[in-house]
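Contents: one structure, followed by commentary.
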Amino acid sequence: MTATIENAMTIDVEDYFHVSALANVISRKDWDKLEYRAEKSTERILQLFEDKGVKATFFVLGWVTQRSPQLVRKIHAAGHEVACHGLTHELVYRQTPEVFREETDVSKKLLEDTIGERVLGYRAASYSITRQSLWAIDILCDLGFTYDSSIFPIAHDRYGIPGASTVPGPIKDSRGKSIVEFPLSTVQFMGRRLPCSGGGYFRLLPYGFTRWALRKINKDDNLPFIFYLHPWEVDPGQPKYENASWLSRFRHYTNLDKCEQRLSSLLDEFRFTTVREVLRPHLN
Ligand SMILES: [Zn+2]
């Protein structure tokens, strides 16, 4: 253990074909027909968490909840937090507020009916709450969410609010209502703010970068970080889409075979728990 701060471990439960980077080459209408692998890869992550004695927050996509309610109940029964990743993995800034409200409400109720408990947290598909879609925060307040973890305080081609707060805590919606935001973790490096806390950044860059950056957040900033990963990132056997763009293939397929071992090392080096636990001082 290198730090005593408890950090948030999160898994966005979706399959390889839901990913925004492959949306150009995989049609939504084919999702039902594709080889479904998310159950097995999620179960491998659950086993690893059990072996390491770690509790985590699983943001589950509504599509997965409909397909695998027993998987969601298993996550919940193992003592993890179940939270909401929307219904269809559509980017929020491509939806109207009306459609976003309807889909998010349906996916939250679906989860609550499945686990028999209130769902507190929300994460947008591909962190797609940006300056154009900040109206989504008002809707999350209306729907009774206690916290959100969708804002990436960086510049990126698909997401991000450069200059947004990097510190977890309460934010106000446009009407002054309060919700707690846990922004995705970033680190200051050579005068720039870099993402460092999971997903492609964890797989593509050397493990040592993640370790350095996360230690820096815990020790220099004295803050918890939030780490995220997807079940498909520990699934090197998934079908490969060679017709995707070079950048998408690079982001999606690099180091899939090394990811589970890296996650295991990370769990040994840092302390982790659920988002609900890390945010407890801010809730209520
Ligand atoms: Zn997602």
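Convention: chains lettered A, B, ... in structure tokens order; per-chain residue numbering from 1; ligands numbered from 1 as shown.
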
Excluding same-chain residues fewer than 3 positions from stretch 105-116 of chain A, what lies within 9 Å of it counting only C-alpha atoms, as a ChimeraX atom specification? /A:60-63,65-66,69-70,72-73,76-77,82-88,100-102,119,122,140,143

How would you write, as an MDAnalysis selection string, the set of residues no farther than 7 Å from ligand 1 when counting only C-alpha atoms and all ligand atoms? chainID A and resid 12 14 19 85 89 125:126

Please report as a Markdown table every residue of stretch 172-236 of chain A lying within 12 Å of stretch 251-267 of chain A, along with the nearest atom pair and their distance in Å (one decimal), using only C-alpha atoms.
| residue | atom | partner | partner_atom | distance |
| --- | --- | --- | --- | --- |
| A:Ser197 | CA | A:Leu266 | CA | 11.0 |
| A:Gly198 | CA | A:Leu263 | CA | 9.5 |
| A:Gly199 | CA | A:Arg251 | CA | 9.1 |
| A:Gly200 | CA | A:Arg251 | CA | 5.9 |
| A:Tyr201 | CA | A:Arg251 | CA | 8.8 |
| A:Phe202 | CA | A:Cys259 | CA | 8.0 |
| A:Arg203 | CA | A:Asn255 | CA | 5.6 |
| A:Leu204 | CA | A:Thr254 | CA | 6.1 |
| A:Leu205 | CA | A:Asn255 | CA | 9.4 |
| A:Pro206 | CA | A:Arg262 | CA | 9.9 |
| A:Tyr207 | CA | A:Arg262 | CA | 7.0 |
| A:Gly208 | CA | A:Arg262 | CA | 10.2 |
| A:Phe209 | CA | A:Leu266 | CA | 11.9 |
| A:Thr210 | CA | A:Leu266 | CA | 8.9 |
| A:Arg211 | CA | A:Leu266 | CA | 7.7 |
| A:Trp212 | CA | A:Leu266 | CA | 11.5 |
| A:Leu214 | CA | A:Leu266 | CA | 9.9 |
| A:Arg215 | CA | A:Leu266 | CA | 11.1 |
| A:Phe227 | CA | A:Leu266 | CA | 10.0 |
| A:Tyr228 | CA | A:Leu263 | CA | 10.3 |
| A:Leu229 | CA | A:Leu263 | CA | 9.0 |
| A:His230 | CA | A:Cys259 | CA | 10.4 |
| A:Pro231 | CA | A:Glu260 | CA | 9.8 |
| A:Trp232 | CA | A:Leu256 | CA | 8.2 |
| A:Glu233 | CA | A:Leu256 | CA | 5.5 |
| A:Val234 | CA | A:Glu260 | CA | 5.4 |
| A:Asp235 | CA | A:Leu256 | CA | 6.4 |
| A:Pro236 | CA | A:Leu256 | CA | 5.1 |

N, CA and C atoms of the current selection, written as a short mmCIF file (atom, residue, chain, number, x, y, z; two decimals), in the first residue's frame:
data_model
loop_
_atom_site.label_atom_id
_atom_site.label_comp_id
_atom_site.auth_asym_id
_atom_site.auth_seq_id
_atom_site.Cartn_x
_atom_site.Cartn_y
_atom_site.Cartn_z
N SER A 197 -6.73 8.03 -15.39
CA SER A 197 -7.34 7.17 -14.38
C SER A 197 -8.22 6.08 -14.94
N GLY A 198 -7.72 5.37 -15.96
CA GLY A 198 -8.48 4.21 -16.38
C GLY A 198 -8.63 4.12 -17.88
N GLY A 199 -9.43 3.13 -18.31
CA GLY A 199 -9.76 2.95 -19.70
C GLY A 199 -8.54 2.89 -20.59
N GLY A 200 -8.63 3.57 -21.74
CA GLY A 200 -7.55 3.59 -22.71
C GLY A 200 -6.25 4.15 -22.14
N TYR A 201 -6.38 5.15 -21.25
CA TYR A 201 -5.17 5.75 -20.67
C TYR A 201 -4.40 4.72 -19.85
N PHE A 202 -5.15 3.82 -19.22
CA PHE A 202 -4.55 2.76 -18.39
C PHE A 202 -3.91 1.69 -19.27
N ARG A 203 -4.55 1.37 -20.40
CA ARG A 203 -4.04 0.29 -21.26
C ARG A 203 -2.93 0.77 -22.19
N LEU A 204 -3.10 1.98 -22.74
CA LEU A 204 -2.19 2.42 -23.80
C LEU A 204 -0.84 2.89 -23.27
N LEU A 205 -0.88 3.58 -22.13
CA LEU A 205 0.36 4.13 -21.56
C LEU A 205 0.98 3.09 -20.62
N PRO A 206 2.28 3.21 -20.36
CA PRO A 206 2.91 2.25 -19.44
C PRO A 206 2.25 2.31 -18.05
N TYR A 207 2.19 1.17 -17.39
CA TYR A 207 1.56 1.11 -16.06
C TYR A 207 2.17 2.15 -15.11
N GLY A 208 3.47 2.36 -15.25
CA GLY A 208 4.18 3.31 -14.37
C GLY A 208 3.61 4.71 -14.42
N PHE A 209 3.04 5.12 -15.57
CA PHE A 209 2.43 6.45 -15.66
C PHE A 209 1.21 6.53 -14.74
N THR A 210 0.36 5.51 -14.82
CA THR A 210 -0.84 5.50 -13.97
C THR A 210 -0.43 5.53 -12.49
N ARG A 211 0.54 4.71 -12.14
CA ARG A 211 0.96 4.64 -10.74
C ARG A 211 1.47 6.00 -10.26
N TRP A 212 2.31 6.62 -11.09
CA TRP A 212 2.88 7.93 -10.74
C TRP A 212 1.76 8.97 -10.58
N LEU A 214 -1.52 8.60 -10.11
CA LEU A 214 -2.49 8.36 -9.04
C LEU A 214 -1.87 8.63 -7.67
N ARG A 215 -0.60 8.28 -7.51
CA ARG A 215 0.09 8.61 -6.25
C ARG A 215 0.14 10.11 -6.04
N PHE A 227 -11.18 5.65 -10.56
CA PHE A 227 -10.62 4.81 -11.61
C PHE A 227 -11.76 4.12 -12.35
N TYR A 228 -11.64 3.99 -13.68
CA TYR A 228 -12.72 3.34 -14.43
C TYR A 228 -12.16 2.34 -15.44
N LEU A 229 -12.95 1.30 -15.66
CA LEU A 229 -12.58 0.28 -16.64
C LEU A 229 -13.88 -0.34 -17.17
N HIS A 230 -13.78 -1.02 -18.32
CA HIS A 230 -14.94 -1.70 -18.90
C HIS A 230 -14.66 -3.20 -18.96
N PRO A 231 -15.70 -4.03 -18.84
CA PRO A 231 -15.48 -5.48 -18.93
C PRO A 231 -14.75 -5.88 -20.22
N TRP A 232 -15.04 -5.22 -21.35
CA TRP A 232 -14.39 -5.61 -22.62
C TRP A 232 -12.90 -5.33 -22.61
N GLU A 233 -12.43 -4.53 -21.64
CA GLU A 233 -10.99 -4.22 -21.59
C GLU A 233 -10.17 -5.36 -20.96
N VAL A 234 -10.86 -6.34 -20.37
CA VAL A 234 -10.15 -7.53 -19.88
C VAL A 234 -10.55 -8.75 -20.73
N ASP A 235 -10.98 -8.50 -21.98
CA ASP A 235 -11.47 -9.58 -22.85
C ASP A 235 -10.71 -9.59 -24.18
N PRO A 236 -9.48 -10.14 -24.17
CA PRO A 236 -8.69 -10.13 -25.42
C PRO A 236 -9.28 -11.02 -26.50
#

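Among the candidates A:Gln47, A:Gln95, A:Ser20, A:Thr10, the one nearest to A:Arg158 when counting only C-alpha atoms is A:Ser20.
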
Taking the backbone alone, and naming residues the way the document does, which bits of stretch 101-237 of chain A are helix (DSSP H, G or I) by DSSP, as a PyMOL selection string? chain A and resi 101-115+125-127+131-133+135-142+199-204+207-219+231-234

Using only C-alpha atoms, pick whichever of A:Arg271, A:Lys40, A:Arg123, A:Arg175 has the shortest atom-to-atom distance to A:Ser150.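 Between A:Arg271, A:Lys40, A:Arg123, A:Arg175, the residue approaching A:Ser150 most closely is A:Arg123.
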